[in-house]
>>> print(open('protein_13.pdb').read())   # PDB, C-alpha atoms
ATOM      1  CA  MET H  25      -7.645  20.023 -11.518
ATOM      2  CA  VAL H  26     -10.008  18.970  -8.742
ATOM      3  CA  ASP H  27     -11.712  16.431 -11.006
ATOM      4  CA  GLY H  28      -8.378  14.809 -11.816
ATOM      5  CA  THR H  29      -7.378  14.716  -8.175
ATOM      6  CA  VAL H  30     -10.681  13.181  -7.128
ATOM      7  CA  ARG H  31     -10.407  10.591  -9.873
ATOM      8  CA  SER H  32      -6.828   9.808  -8.870
ATOM      9  CA  VAL H  33      -7.838   9.366  -5.229
ATOM     10  CA  ALA H  34     -10.784   7.202  -6.264
ATOM     11  CA  ARG H  35      -8.467   4.933  -8.240
ATOM     12  CA  ARG H  36      -5.850   4.577  -5.518
ATOM     13  CA  LEU H  37      -7.964   4.513  -2.376
ATOM     14  CA  PRO H  38      -9.223   0.920  -2.785
ATOM     15  CA  TRP H  39      -5.645  -0.330  -3.115
ATOM     16  CA  LEU H  40      -4.462   1.638  -0.113
ATOM     17  CA  VAL H  41      -7.340   0.421   2.032
ATOM     18  CA  SER H  42      -6.908  -3.195   0.932
ATOM     19  CA  LEU H  43      -3.175  -3.073   1.634
ATOM     20  CA  LEU H  44      -3.885  -1.576   5.047
ATOM     21  CA  PHE H  45      -6.149  -4.480   5.940
ATOM     22  CA  LEU H  46      -3.721  -7.016   4.466
ATOM     23  CA  GLY H  47      -0.946  -5.559   6.613
ATOM     24  CA  LEU H  48      -3.136  -5.778   9.691
ATOM     25  CA  ALA H  49      -4.063  -9.361   8.808
ATOM     26  CA  VAL H  50      -0.412 -10.358   8.387
ATOM     27  CA  SER H  51       0.428  -8.814  11.741
ATOM     28  CA  GLY H  52      -2.499 -10.552  13.401
ATOM     29  CA  VAL H  53      -1.747 -13.943  11.879
ATOM     30  CA  SER H  54       1.930 -13.766  12.779
ATOM     31  CA  ARG H  55       0.939 -13.331  16.426
ATOM     32  CA  PHE H  56      -0.547 -16.822  16.436
ATOM     33  CA  PHE H  57       2.677 -18.365  15.117
ATOM     34  CA  GLU H  58       5.197 -16.998  17.595
ATOM     35  CA  GLY H  59       6.300 -20.523  18.507
ATOM     36  CA  VAL H  60       6.847 -21.487  14.866
ATOM     37  CA  VAL H  61       8.710 -18.261  14.172
ATOM     38  CA  GLY H  62      11.027 -19.063  17.056
ATOM     39  CA  GLU H  63      11.899 -22.369  15.385
ATOM     40  CA  LEU H  64      11.805 -21.246  11.721
ATOM     41  CA  PRO H  65      12.700 -17.563  11.567
ATOM     42  CA  MET H  66      13.033 -17.699   7.761
ATOM     43  CA  LEU H  67       9.216 -17.603   7.516
ATOM     44  CA  VAL H  68       9.245 -14.054   8.831
ATOM     45  CA  ALA H  69      11.294 -12.928   5.822
ATOM     46  CA  PHE H  70       8.127 -12.517   3.750
ATOM     47  CA  GLN H  71       6.316 -10.265   6.212
ATOM     48  CA  PRO H  72       8.387  -7.138   5.457
ATOM     49  CA  LEU H  73       7.832  -7.709   1.752
ATOM     50  CA  LEU H  74       4.065  -7.565   2.152
ATOM     51  CA  LEU H  75       4.163  -4.605   4.488
ATOM     52  CA  GLY H  76       6.683  -2.813   2.276
ATOM     53  CA  MET H  77       4.291  -3.023  -0.652
ATOM     54  CA  ALA H  78       1.848  -0.809   1.228
ATOM     55  CA  GLY H  79       4.551   1.793   1.754
ATOM     56  CA  ASN H  80       5.518   1.662  -1.911
ATOM     57  CA  VAL H  81       1.937   2.257  -3.022
ATOM     58  CA  GLY H  82       1.665   5.246  -0.707
ATOM     59  CA  THR H  83       4.947   6.699  -1.948
ATOM     60  CA  GLN H  84       3.945   6.264  -5.586
ATOM     61  CA  SER H  85       0.589   7.923  -4.961
ATOM     62  CA  LEU H  86       2.321  10.837  -3.296
ATOM     63  CA  ALA H  87       4.801  11.179  -6.173
ATOM     64  CA  VAL H  88       2.028  11.189  -8.780
ATOM     65  CA  THR H  89       0.054  13.765  -6.803
ATOM     66  CA  VAL H  90       3.037  16.081  -6.336
ATOM     67  CA  ARG H  91       3.984  15.749  -9.999
ATOM     68  CA  THR H  92       0.438  16.547 -11.060
ATOM     69  CA  LEU H  93       0.340  19.625  -8.854
ATOM     70  CA  GLY H  94       3.737  20.736 -10.140
ATOM     71  CA  THR H  95       2.926  20.359 -13.837
ATOM     72  CA  ASP H  96      -0.649  21.756 -13.627
ATOM     73  CA  ARG H  97      -2.064  18.828 -15.561
ATOM     74  CA  LYS H  98      -5.838  18.541 -15.634
ATOM     75  CA  SER H  99      -6.038  14.753 -15.183
ATOM     76  CA  VAL H 100      -3.988  11.944 -13.747
ATOM     77  CA  VAL H 101      -3.757   8.707 -15.666
TER      78      VAL H 101
END
>>> encode(input="protein_13.pdb", output="structure tokens")
Amino acid sequence: MVDGTVRSVARRLPWLVSLLFLGLAVSGVSRFFEGVVGELPMLVAFQPLLLGMAGNVGTQSLAVTVRTLGTDRKSVV
């Protein structure tokens, strides 16, 4: 079971880390455009979509891990 868990973490960790840095980049870039956002607030509508993707990936990883632990499977695909 440990091998499957390690493999699952190894597969998901790059995505989680990349989405973390993308979320930080979006937050940092939006800081520079506060004046534009004040005039065109519709541009901010896409920011929650990008940040929400990171939360979805984390939730899916948690669900797969809990399911694997609950079913005593040896590997996670």
>>> atom_distance(input="protein_13.pdb", atom1="atom CA of Thr29 of chain H", atom2="atom CA of Val90 of chain H")
10.7 Å
>>> resolve_selection(input="protein_13.pdb", expression="the PyMOL selection byres ((chain H and resi 80-84) around 12)", output="JSON, numbers by chain")
{"H": [32, 33, 35, 36, 37, 38, 39, 40, 41, 42, 43, 44, 72, 73, 74, 75, 76, 77, 78, 79, 85, 86, 87, 88, 89, 90, 91]}
>>> atom_distance(input="protein_13.pdb", atom1="atom CA of Leu46 of chain H", atom2="atom CA of Met66 of chain H")
20.1 Å
>>> atom_distance(input="protein_13.pdb", atom1="atom CA of Thr92 of chain H", atom2="atom CA of Val30 of chain H")
12.3 Å
